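Q: Supplied structure: coords-v2.txt, compact mmCIF, C-alpha atoms.
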# COMPACT_ATOMS: atom_id res chain seq x y z
CA MET A 1 56.58 111.78 91.73
CA ASN A 2 54.29 112.72 88.85
CA SER A 3 52.12 110.25 86.93
CA ILE A 4 54.66 109.74 84.09
CA GLU A 5 57.47 109.04 86.56
CA LYS A 6 55.23 106.67 88.48
CA ALA A 7 54.31 104.80 85.30
CA LEU A 8 58.00 104.51 84.37
CA ILE A 9 59.02 103.25 87.82
CA ASP A 10 56.15 100.72 87.72
CA GLU A 11 57.38 99.40 84.35
CA ILE A 12 60.97 99.15 85.66
CA LYS A 13 59.68 97.24 88.68
CA LYS A 14 57.79 94.84 86.39
CA THR A 15 60.99 94.23 84.39
CA LEU A 16 62.93 93.66 87.59
CA GLY A 17 60.23 91.23 88.71
CA LYS A 18 60.85 89.24 85.53
CA VAL A 19 64.62 89.43 86.11
CA ALA A 20 64.10 88.05 89.64
CA GLN A 21 62.21 85.08 88.13
CA LEU A 22 64.41 84.38 85.09
CA ALA A 23 67.86 85.30 86.41
CA PRO A 24 67.91 84.87 90.20
CA GLY A 25 71.68 85.39 90.20
CA TRP A 26 71.33 88.96 88.86
CA ARG A 27 72.83 91.59 91.14
CA LEU A 28 73.17 95.36 91.16
CA ILE A 29 76.42 96.54 92.76
CA LEU A 30 75.91 100.05 94.07
CA GLY A 31 79.09 101.12 95.81
CA THR A 32 79.42 98.84 98.82
CA GLU A 33 75.87 97.48 98.46
CA THR A 34 74.93 94.33 96.56
CA LEU A 35 71.24 94.11 95.69
CA ASP A 36 69.22 91.38 94.00
CA ALA A 37 66.26 92.28 91.77
CA THR A 38 63.70 91.96 94.59
CA SER A 39 65.75 94.27 96.83
CA VAL A 40 66.00 96.84 94.02
CA ILE A 41 62.19 96.76 93.62
CA LYS A 42 61.79 97.38 97.37
CA LYS A 43 64.43 100.10 97.29
CA LEU A 44 62.65 101.82 94.41
CA ASP A 45 59.59 102.08 96.66
CA ASN A 46 61.46 103.43 99.68
CA ASP A 47 64.59 105.17 98.43
CA LYS A 48 63.91 108.56 96.83
CA LYS A 49 67.56 108.95 95.86
CA LEU A 50 67.58 105.70 93.88
CA ARG A 51 64.30 106.63 92.14
CA LYS A 52 65.78 109.99 91.19
CA PHE A 53 68.97 108.30 89.94
CA VAL A 54 67.02 105.85 87.74
CA LEU A 55 64.64 108.51 86.38
CA LYS A 56 67.45 110.96 85.63
CA HIS A 57 69.28 108.47 83.44
CA TYR A 58 66.14 107.01 81.85
CA VAL A 59 65.18 110.49 80.65
CA GLY A 60 68.81 111.27 79.74
CA ILE A 61 69.06 108.13 77.60
CA ALA A 62 65.72 108.95 75.92
CA VAL A 63 66.98 112.46 75.10
CA GLU A 64 70.22 111.08 73.64
CA LEU A 65 68.30 108.50 71.59
CA GLU A 66 66.19 111.31 70.13
CA GLN A 67 69.33 113.31 69.34
CA LYS A 68 70.89 110.29 67.63
CA ALA A 69 67.72 109.75 65.60
CA ARG A 70 67.76 113.39 64.48
CA GLU A 71 71.47 113.18 63.54
CA LYS A 72 70.70 110.06 61.51
CA LEU A 73 67.86 111.88 59.79
CA GLU A 74 70.08 114.85 59.01
CA GLY A 75 72.76 112.52 57.69
CA THR A 76 70.44 110.75 55.26
CA SER A 77 68.52 113.80 54.03
CA GLY A 78 71.08 115.35 51.66
CA PRO A 79 70.21 117.65 48.74
CA SER A 80 68.17 115.84 46.11
CA MET B 1 107.75 102.15 83.88
CA LYS B 2 107.17 100.58 87.30
CA ALA B 3 103.59 100.08 88.45
CA LEU B 4 101.89 98.99 91.65
CA LEU B 5 98.51 97.24 91.42
CA VAL B 6 96.44 97.06 94.61
CA ARG B 7 93.39 94.79 94.41
CA PRO B 8 91.87 93.59 97.69
CA ARG B 9 89.07 91.02 97.75
CA PHE B 10 86.84 90.65 100.81
CA ASP B 11 83.17 91.24 99.89
CA ASP B 12 80.78 90.92 96.94
CA PRO B 13 81.76 94.07 95.01
CA THR B 14 85.48 93.34 95.37
CA GLN B 15 84.99 89.81 93.98
CA TYR B 16 84.13 91.55 90.70
CA THR B 17 86.65 94.40 90.81
CA PHE B 18 89.37 91.85 91.58
CA GLY B 19 88.44 90.09 88.33
CA PHE B 20 88.34 93.36 86.35
CA ALA B 21 91.90 94.14 87.47
CA ALA B 22 93.17 90.83 86.09
CA GLU B 23 92.98 92.32 82.59
CA ILE B 24 95.18 95.24 83.70
CA LEU B 25 97.69 92.72 85.03
CA GLN B 26 97.71 90.91 81.69
CA TRP B 27 98.08 94.14 79.66
CA CYS B 28 101.02 95.26 81.83
CA ARG B 29 102.78 91.94 81.29
CA GLU B 30 102.23 92.14 77.53
CA ALA B 31 103.37 95.77 77.37
CA GLY B 32 106.50 95.07 79.44
CA ILE B 33 105.42 97.28 82.35
CA ASN B 34 107.21 96.21 85.53
CA LEU B 35 104.25 95.49 87.81
CA VAL B 36 104.16 94.72 91.53
CA GLU B 37 100.85 93.29 92.69
CA LEU B 38 99.41 93.61 96.20
CA ALA B 39 96.35 91.38 96.18
CA GLU B 40 93.93 90.33 98.93
CA ASP B 41 95.70 90.05 102.31
CA LYS B 42 98.81 91.79 100.96
CA ALA B 43 96.77 94.91 100.15
CA THR B 44 97.46 96.67 103.44
CA ARG B 45 98.41 100.26 104.15
CA ALA B 46 101.88 99.32 105.38
CA LYS B 47 102.71 97.25 102.30
CA VAL B 48 101.25 99.87 99.94
CA GLU B 49 103.35 102.62 101.55
CA GLU B 50 106.43 100.39 101.47
CA GLU B 51 106.08 99.68 97.75
CA ILE B 52 105.38 103.33 96.90
CA ARG B 53 108.51 104.37 98.85
CA ARG B 54 110.58 101.81 96.91
CA GLY B 55 109.76 103.86 93.83
CA ILE B 56 106.89 103.53 91.36
CA ASP B 57 105.64 105.59 88.42
CA LEU B 58 102.08 104.33 88.33
CA TYR B 59 99.68 103.41 91.13
CA ILE B 60 96.62 101.31 90.23
CA HIS B 61 93.83 100.70 92.75
CA TYR B 62 90.74 98.50 92.24
CA ASN B 63 88.55 98.45 95.36
CA HIS B 64 86.16 100.52 97.46
CA GLY B 65 86.78 104.20 97.90
CA SER B 66 85.35 107.29 99.54
CA GLU B 67 85.93 111.00 98.99
CA ASN B 68 89.17 110.91 101.00
CA THR B 69 90.25 107.28 100.92
CA LEU B 70 91.18 104.25 98.82
CA TYR B 71 90.54 101.16 100.93
CA GLY B 72 92.75 98.10 101.30
CA GLN B 73 91.91 94.57 102.42
CA GLY B 74 89.05 94.43 104.92
CA GLY B 75 88.02 98.02 104.20
CA ILE B 76 90.98 99.54 106.05
CA SER B 77 92.44 102.70 104.53
CA ALA B 78 95.40 102.10 102.19
CA VAL B 79 95.77 105.60 100.74
CA ASP B 80 94.04 108.68 102.12
CA LEU B 81 94.57 112.40 102.61
CA SER B 82 97.13 111.71 105.34
CA ASN B 83 99.57 109.72 103.15
CA CYS B 84 98.69 110.82 99.63
CA HIS B 85 101.83 112.99 99.54
CA LEU B 86 103.63 109.72 98.80
CA LEU B 87 102.00 109.81 95.37
CA THR B 88 103.47 113.21 94.47
CA GLY B 89 104.37 113.31 90.80
CA LYS B 90 102.93 109.86 90.08
CA GLU B 91 100.18 108.59 87.80
CA ILE B 92 97.17 107.13 89.61
CA TYR B 93 94.53 104.97 87.94
CA THR B 94 91.57 103.90 90.07
CA LEU B 95 88.33 102.01 89.96
CA ALA B 96 86.77 103.14 93.24
CA CYS B 97 83.77 105.16 94.38
CA LEU B 98 84.08 108.90 94.96
CA SER B 99 87.88 109.11 95.30
CA ALA B 100 88.32 111.77 92.59
CA LYS B 101 86.21 114.14 94.66
CA SER B 102 88.79 115.05 97.35
CA LEU B 103 91.67 112.57 97.29
CA GLY B 104 92.16 112.92 93.53
CA VAL B 105 92.14 116.70 93.74
CA GLU B 106 94.70 116.65 96.58
CA VAL B 107 96.95 114.21 94.67
CA TRP B 108 96.70 116.43 91.58
CA ARG B 109 97.46 119.51 93.68
CA GLN B 110 100.67 117.79 94.78
CA GLY B 111 101.73 117.09 91.19
CA GLY B 112 100.12 113.71 90.52
CA LYS B 113 97.81 112.71 87.69
CA TYR B 114 94.58 111.11 88.80
CA TRP B 115 92.02 108.94 87.00
CA GLY B 116 88.91 108.22 89.06
CA TYR B 117 85.22 108.77 89.78
CA VAL B 118 83.52 111.61 91.67
CA ASP B 119 80.48 109.59 92.75
CA VAL B 120 79.42 106.05 93.62
CA VAL B 121 80.43 103.47 90.99
CA SER B 122 77.74 100.97 90.05
CA PHE B 123 77.38 97.96 87.76
CA THR B 124 75.21 94.92 87.20
CA THR B 125 76.19 91.28 86.89
CA ASP B 126 74.37 90.74 83.58
CA ALA B 127 76.93 92.81 81.65
CA LEU B 128 80.23 92.23 83.43
CA ASP B 129 82.28 92.12 80.21
CA ARG B 130 80.99 95.50 79.10
CA PHE B 131 81.60 97.01 82.54
CA LYS B 132 85.12 95.58 82.56
CA GLU B 133 85.71 97.18 79.16
CA SER B 134 84.47 100.55 80.44
CA PHE B 135 86.49 100.48 83.67
CA ASN B 136 89.70 99.37 81.95
CA CYS B 137 89.53 101.30 78.68
CA GLY B 138 91.17 104.40 80.17
CA PHE B 139 94.18 102.34 81.19
CA ARG B 140 94.55 101.09 77.61
CA TYR B 141 94.28 104.61 76.15
CA LEU B 142 96.69 106.11 78.70
CA PHE B 143 99.40 103.52 79.24
CA ILE B 144 99.19 100.99 76.41
CA GLU B 145 98.36 103.35 73.52
CA GLY B 146 99.93 106.42 75.18
CA ASP B 147 97.13 108.75 74.06
CA ARG B 148 97.11 111.00 77.14
CA GLN B 149 95.62 113.97 75.34
CA ASN B 150 92.40 112.24 74.29
CA ALA B 151 92.18 109.45 76.88
CA LEU B 152 89.32 110.98 78.86
CA SER B 153 87.17 111.92 75.86
CA ARG B 154 87.80 108.51 74.28
CA ALA B 155 86.85 106.81 77.54
CA LYS B 156 83.65 108.89 77.77
CA ASP B 157 82.84 107.87 74.18
CA THR B 158 83.36 104.23 75.18
CA PHE B 159 80.96 104.63 78.12
CA ASN B 160 78.39 106.21 75.75
CA ARG B 161 78.77 103.47 73.16
CA LEU B 162 78.41 100.76 75.80
CA THR B 163 75.35 102.52 77.28
CA PHE B 164 73.54 102.32 73.94
CA GLU B 165 74.70 98.74 73.36
CA LEU B 166 73.09 97.86 76.70
CA VAL B 167 69.91 99.74 75.77
CA GLY B 168 69.88 97.70 72.54
CA THR B 169 70.04 94.44 74.48
CA GLY B 170 67.27 95.53 76.86
CA LYS B 171 69.53 95.83 79.92
CA MET B 172 68.24 99.20 81.10
CA ILE B 173 69.52 99.11 84.68
CA ALA B 174 72.98 98.23 83.36
CA ALA B 175 72.70 101.08 80.82
CA ILE B 176 71.76 103.51 83.60
CA CYS B 177 74.80 102.45 85.67
CA MET B 178 77.08 102.74 82.63
CA ARG B 179 75.82 106.27 81.87
CA GLU B 180 76.23 107.36 85.49
CA ASN B 181 79.80 105.98 85.68
CA GLY B 182 80.72 107.74 82.43
CA GLN B 183 79.41 111.06 83.71
CA ASN B 184 81.34 110.70 86.98
CA LEU B 185 84.67 109.84 85.38
CA ARG B 186 87.47 112.41 85.80
CA TYR B 187 91.08 112.69 84.73
CA TYR B 188 93.14 115.37 86.43
CA ASP B 189 96.33 115.92 84.48
CA THR B 190 97.38 119.33 83.21
CA ASN B 191 93.86 120.70 83.54
CA ALA B 192 92.77 121.96 86.95
CA PRO B 193 89.81 120.17 88.53
CA ASP B 194 86.71 122.07 89.59
CA SER B 195 86.94 122.88 93.27
CA GLY B 196 83.91 122.30 95.47
CA CYS B 197 85.44 124.50 98.18
CA GLN B 198 84.24 128.12 98.32
CA LEU B 199 87.48 129.30 99.91
CA ARG B 200 89.58 127.60 97.23
CA ARG B 201 87.46 129.13 94.47
CA MET B 202 87.93 132.56 96.01
CA LEU B 203 91.71 132.02 96.31
CA ILE B 204 91.91 130.96 92.65
CA LYS B 205 89.93 134.05 91.65
CA VAL B 206 92.16 136.39 93.65
CA LEU B 207 95.59 134.72 93.30
CA GLY B 208 95.22 132.84 89.99
CA GLN B 209 95.28 129.10 89.26
CA LYS B 210 98.83 128.30 90.37
CA ARG B 211 98.86 130.22 93.65
CA GLY B 212 95.23 129.46 94.36
CA TRP B 213 95.97 125.76 94.36
CA ALA B 214 99.27 126.09 96.25
CA SER B 215 97.91 125.72 99.78
CA PRO B 216 96.71 122.28 100.99
CA SER B 217 93.01 121.88 101.67
CA PRO B 218 91.97 122.30 105.34
CA LYS B 219 90.46 118.80 105.05
CA ALA B 220 93.87 117.34 104.16
CA LEU B 221 95.53 119.13 107.08
CA ILE B 222 92.86 117.94 109.53
CA TYR B 223 93.22 114.40 108.14
CA ARG B 224 96.98 114.44 108.67
CA VAL B 225 96.70 115.70 112.26
CA TYR B 226 93.94 113.20 112.97
CA TYR B 227 95.97 110.33 111.52
CA TRP B 228 99.08 111.41 113.40
CA PHE B 229 97.12 111.48 116.66
CA TRP B 230 95.38 108.10 116.28
CA HIS B 231 98.14 106.21 114.51
CA ASP B 232 101.38 107.69 115.81
CA VAL B 233 100.38 108.90 119.28
CA MET B 234 97.59 106.48 120.24
CA LYS B 235 99.18 103.59 118.25
CA ARG B 236 95.85 102.60 116.68
CA PRO B 237 95.93 100.65 113.40
CA GLU B 238 93.34 102.80 111.62
CA PRO B 239 92.35 106.42 112.02
CA TYR B 240 88.84 106.27 113.36
CA THR B 241 87.45 108.96 111.06
CA ASP B 242 86.02 106.50 108.57
CA THR B 243 84.90 103.98 111.17
CA TRP B 244 82.86 106.66 112.89
CA ARG B 245 81.57 108.11 109.65
CA ARG B 246 80.45 104.65 108.48
CA SER B 247 78.84 103.95 111.86
CA ILE B 248 76.97 107.29 111.89
CA LYS B 249 75.73 106.62 108.35
CA LYS B 250 74.61 103.10 109.30
CA HIS B 251 72.92 103.96 112.61
CA PRO B 252 71.87 107.64 112.40
CA LYS B 253 69.06 107.30 114.99
CA LEU B 254 71.34 105.64 117.52
CA TRP B 255 73.96 108.39 117.15
CA LEU B 256 71.34 111.14 117.29
CA SER B 257 69.93 109.67 120.50
CA ILE B 258 73.47 109.45 121.97
CA ILE B 259 74.28 113.05 120.97
CA ILE B 260 71.02 114.36 122.43
CA GLY B 261 70.49 111.77 125.17
CA VAL B 262 73.90 111.94 126.88
CA PRO B 263 73.91 115.74 127.59
CA VAL B 264 70.21 115.63 128.56
CA GLY B 265 70.84 112.65 130.87
CA ILE B 266 73.83 114.35 132.50
CA SER B 267 71.83 117.58 132.95
CA ILE B 268 68.95 115.73 134.64
CA LEU B 269 71.33 113.80 136.87
CA LEU B 270 73.20 116.95 137.87
CA SER B 271 70.04 118.94 138.53
CA VAL B 272 68.63 116.14 140.71
CA LEU B 273 71.92 115.75 142.57
CA LEU B 274 72.61 119.46 143.02
CA GLY B 275 68.96 120.14 143.76
CA HIS B 276 69.01 117.47 146.44
CA LEU B 277 72.26 118.75 147.93
CA GLY B 278 70.98 122.33 147.88
CA GLY B 279 67.78 121.28 149.55
CA PHE B 280 65.50 122.23 146.63
CA TRP B 281 64.02 118.74 146.19
Could you express the structure from this file as structure tokens?
A:
Amino acid sequence: MNSIEKALIDEIKKTLGKVAQLAPGWRLILGTETLDATSVIKKLDNDKKLRKFVLKHYVGIAVELEQKAREKLEGTSGPS
Amino acid sequence: MKALLVRPRFDDPTQYTFGFAAEILQWCREAGINLVELAEDKATRAKVEEEIRRGIDLYIHYNHGSENTLYGQGGISAVDLSNCHLLTGKEIYTLACLSAKSLGVEVWRQGGKYWGYVDVVSFTTDALDRFKESFNCGFRYLFIEGDRQNALSRAKDTFNRLTFELVGTGKMIAAICMRENGQNLRYYDTNAPDSGCQLRRMLIKVLGQKRGWASPSPKALIYRVYYWFWHDVMKRPEPYTDTWRRSIKKHPKLWLSIIIGVPVGISILLSVLLGHLGGFW
């Protein structure tokens, strides 16, 4: 895990820590597993597959947001 | 149209999927679809097979799944590679992990149309309405609106829209799950699925699509023989394939020590015994 990925995972863990405090009933259903926020934090430390899954989609969503922003820009910048 | 809805409920995830399927039930009633429901304890393999044999056009399954199996009540196989021939020529709509990977392909190969997921399905409890919308939207496009041509692309658009709605509300874990589910969604209708099997890919290359897909997968054949042996010969209620697979996954160290330990133990015992009898010790 490089420094950017580590920073991202740390931020996600902080958010999940807040979720654990504010919404104790929150659950992640992952196939047959049911995890509360604290368990997800622990799993992010130990489970490489889950970390990869989260990072893959975090980056994917960021890329798509950038694409959307560019499309918006192209849509508004017509000939003057 | 006659439909069969199977929705077991026996653990945390199925509490939610049971609820998601209630909307399907309501839509079918409103659309005049003749629906038979097998819920909770009625969602057994025997009852599922019985209802399919009575004649249905559409099979709907909301519960756990694996590559080869759709599970019934208590996690016991309801439909798998050994009885999926019953679904020949039928429409299948599922919310279940992984089932489009092998089972869906085999059903499609036998003339069925299959809606499902090729990987683990995930969701969070802070956005249940949005997840329900995503899981059920395909059913609306396919069977209520009748838009078979564009159902998959429309469903993928719905997953994308919901992903960004979740990002907008700060529910990132939910957004991640939504994006993953959308990427894993498949609909096998007239288009051939991608085969993960090297042999199948080679057959398709050499013989063409139609002939290449004509033979059943070795996995399906093994499954049928295995099921026949355990269920019909040994009179066991469930083929033990999944029980063992689940157990190996759950306790890998225990199984590894059994696999290594038992032959090593027997070898030591035999060498001591034979060595003693032969007068070497």
Q: I'd like the contact shell of stretch 16-20 of chain B - 10 Å cut-off, all atoms listed in the file, skipping same-chain residues fewer than 3 positions apart - returned as number ranges by chain.
A: A: 29; B: 6-13, 23-25, 39-40, 61-64, 95-96, 123, 125, 128-129, 131-133, 135-136
Q: Using only C-alpha atoms, find the residues of chain B whose closest atom to chain A is at most 9 Å away, then write them as a PyMOL selection string.
A: chain B and resi 11-14+64-65+96-97+120-126+163-164+167+172-177+179-180
Q: Please compute the atom CA of B:Ile56-atom CA of B:Ala3 distance, one decimal, in Å.
A: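 Between atom CA of B:Ile56 and atom CA of B:Ala3 the gap is 5.6 Å.
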Q: For B:Gly170, which of A:Lys72, A:Ala37, A:Val19, A:Lys52 is the closest residue, counting all atoms listed in the file?
A: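 The shortest atom-to-atom distance to B:Gly170 comes from A:Val19.
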Q: Which value, in Å to one decimal, gives the distance between atom CA of A:Thr38 and atom CA of A:Gly17?
A: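 Interatomic distance, atom CA of A:Thr38 to atom CA of A:Gly17: 6.9 Å.
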Q: Grab the atom CA of B:Ile258 to atom CA of B:Arg246 distance for me, in Å with one decimal place.
A: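 Atom CA of B:Arg246 lies 15.9 Å from atom CA of B:Ile258.
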Q: Using only C-alpha atoms, determine which residues lie at most 9 Å from stretch 218-222 of chain B, disregarding the query and same-chain residues fewer than 6 positions distant; provide the list as a list in words.
A: Asn68, Asp80, Leu81, Ser82, Ser102, Leu103 and Glu106 of chain B
Q: Please, what is the axis-aligned box for every listed atom of stretch 5-19 of chain A with 6 Å on each side, as centre and edge lengths in Å to one decimal, as lines of an AutoDock Vina configuration file?
A:
center_x = 59.5
center_y = 99.1
center_z = 86.5
size_x = 22.3
size_y = 31.8
size_z = 16.4
Q: Check the smallest atom-to-atom distance from each of B:Gly182, B:Leu274, B:Ala100, B:Leu207 to B:Asp194 using all atoms listed in the file, then report the winner.
A: B:Ala100
Q: Could you check the closest approach to B:Asn191 for each of B:Trp230, B:Trp27, B:Tyr93, B:Tyr114 and tell me which residue wins, using only C-alpha atoms?
A: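 The answer is B:Tyr114, which sits nearest to B:Asn191.
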Q: Could you write stretch 54-74 of chain B as a PDB file, keeping the file's coordinate frame, with N, CA and C atoms rebuilt where they are missing?
A:
ATOM      1  N   ARG B  54     109.518 102.471  97.684  1.00  0.00           N
ATOM      2  CA  ARG B  54     110.580 101.810  96.910  1.00  0.00           C
ATOM      3  C   ARG B  54     110.731 102.452  95.531  1.00  0.00           C
ATOM      4  N   GLY B  55     109.681 103.146  95.109  1.00  0.00           N
ATOM      5  CA  GLY B  55     109.760 103.860  93.830  1.00  0.00           C
ATOM      6  C   GLY B  55     108.854 103.246  92.773  1.00  0.00           C
ATOM      7  N   ILE B  56     107.787 103.946  92.442  1.00  0.00           N
ATOM      8  CA  ILE B  56     106.890 103.530  91.360  1.00  0.00           C
ATOM      9  C   ILE B  56     106.558 104.751  90.498  1.00  0.00           C
ATOM     10  N   ASP B  57     106.096 104.490  89.287  1.00  0.00           N
ATOM     11  CA  ASP B  57     105.640 105.590  88.420  1.00  0.00           C
ATOM     12  C   ASP B  57     104.124 105.621  88.343  1.00  0.00           C
ATOM     13  N   LEU B  58     103.528 104.449  88.526  1.00  0.00           N
ATOM     14  CA  LEU B  58     102.080 104.330  88.330  1.00  0.00           C
ATOM     15  C   LEU B  58     101.460 103.534  89.472  1.00  0.00           C
ATOM     16  N   TYR B  59     100.395 104.098  90.049  1.00  0.00           N
ATOM     17  CA  TYR B  59      99.680 103.410  91.130  1.00  0.00           C
ATOM     18  C   TYR B  59      98.276 103.059  90.648  1.00  0.00           C
ATOM     19  N   ILE B  60      97.935 101.771  90.707  1.00  0.00           N
ATOM     20  CA  ILE B  60      96.620 101.310  90.230  1.00  0.00           C
ATOM     21  C   ILE B  60      95.862 100.730  91.421  1.00  0.00           C
ATOM     22  N   HIS B  61      94.599 101.166  91.591  1.00  0.00           N
ATOM     23  CA  HIS B  61      93.830 100.700  92.750  1.00  0.00           C
ATOM     24  C   HIS B  61      92.422 100.273  92.317  1.00  0.00           C
ATOM     25  N   TYR B  62      92.070  99.016  92.558  1.00  0.00           N
ATOM     26  CA  TYR B  62      90.740  98.500  92.240  1.00  0.00           C
ATOM     27  C   TYR B  62      90.075  98.001  93.530  1.00  0.00           C
ATOM     28  N   ASN B  63      89.267  98.847  94.131  1.00  0.00           N
ATOM     29  CA  ASN B  63      88.550  98.450  95.360  1.00  0.00           C
ATOM     30  C   ASN B  63      87.614  99.575  95.772  1.00  0.00           C
ATOM     31  N   HIS B  64      87.033  99.472  96.966  1.00  0.00           N
ATOM     32  CA  HIS B  64      86.160 100.520  97.460  1.00  0.00           C
ATOM     33  C   HIS B  64      86.933 101.818  97.690  1.00  0.00           C
ATOM     34  N   GLY B  65      86.179 102.907  97.611  1.00  0.00           N
ATOM     35  CA  GLY B  65      86.780 104.200  97.900  1.00  0.00           C
ATOM     36  C   GLY B  65      85.756 105.130  98.511  1.00  0.00           C
ATOM     37  N   SER B  66      86.241 106.215  99.075  1.00  0.00           N
ATOM     38  CA  SER B  66      85.350 107.290  99.540  1.00  0.00           C
ATOM     39  C   SER B  66      85.993 108.594  99.082  1.00  0.00           C
ATOM     40  N   GLU B  67      85.409 109.709  99.435  1.00  0.00           N
ATOM     41  CA  GLU B  67      85.930 111.000  98.990  1.00  0.00           C
ATOM     42  C   GLU B  67      87.415 111.173  99.326  1.00  0.00           C
ATOM     43  N   ASN B  68      87.810 110.655 100.503  1.00  0.00           N
ATOM     44  CA  ASN B  68      89.170 110.910 101.000  1.00  0.00           C
ATOM     45  C   ASN B  68      90.064 109.681 100.999  1.00  0.00           C
ATOM     46  N   THR B  69      89.520 108.519 100.633  1.00  0.00           N
ATOM     47  CA  THR B  69      90.250 107.280 100.920  1.00  0.00           C
ATOM     48  C   THR B  69      90.122 106.240  99.806  1.00  0.00           C
ATOM     49  N   LEU B  70      91.224 105.496  99.597  1.00  0.00           N
ATOM     50  CA  LEU B  70      91.180 104.250  98.820  1.00  0.00           C
ATOM     51  C   LEU B  70      91.408 103.133  99.821  1.00  0.00           C
ATOM     52  N   TYR B  71      90.484 102.185  99.874  1.00  0.00           N
ATOM     53  CA  TYR B  71      90.540 101.160 100.930  1.00  0.00           C
ATOM     54  C   TYR B  71      91.346  99.932 100.507  1.00  0.00           C
ATOM     55  N   GLY B  72      92.008  99.340 101.494  1.00  0.00           N
ATOM     56  CA  GLY B  72      92.750  98.100 101.300  1.00  0.00           C
ATOM     57  C   GLY B  72      91.911  96.915 101.763  1.00  0.00           C
ATOM     58  N   GLN B  73      92.597  95.793 102.007  1.00  0.00           N
ATOM     59  CA  GLN B  73      91.910  94.570 102.420  1.00  0.00           C
ATOM     60  C   GLN B  73      91.111  94.804 103.715  1.00  0.00           C
ATOM     61  N   GLY B  74      89.887  94.301 103.741  1.00  0.00           N
ATOM     62  CA  GLY B  74      89.050  94.430 104.920  1.00  0.00           C
ATOM     63  C   GLY B  74      88.457  95.820 105.107  1.00  0.00           C
TER      64      GLY B  74
END
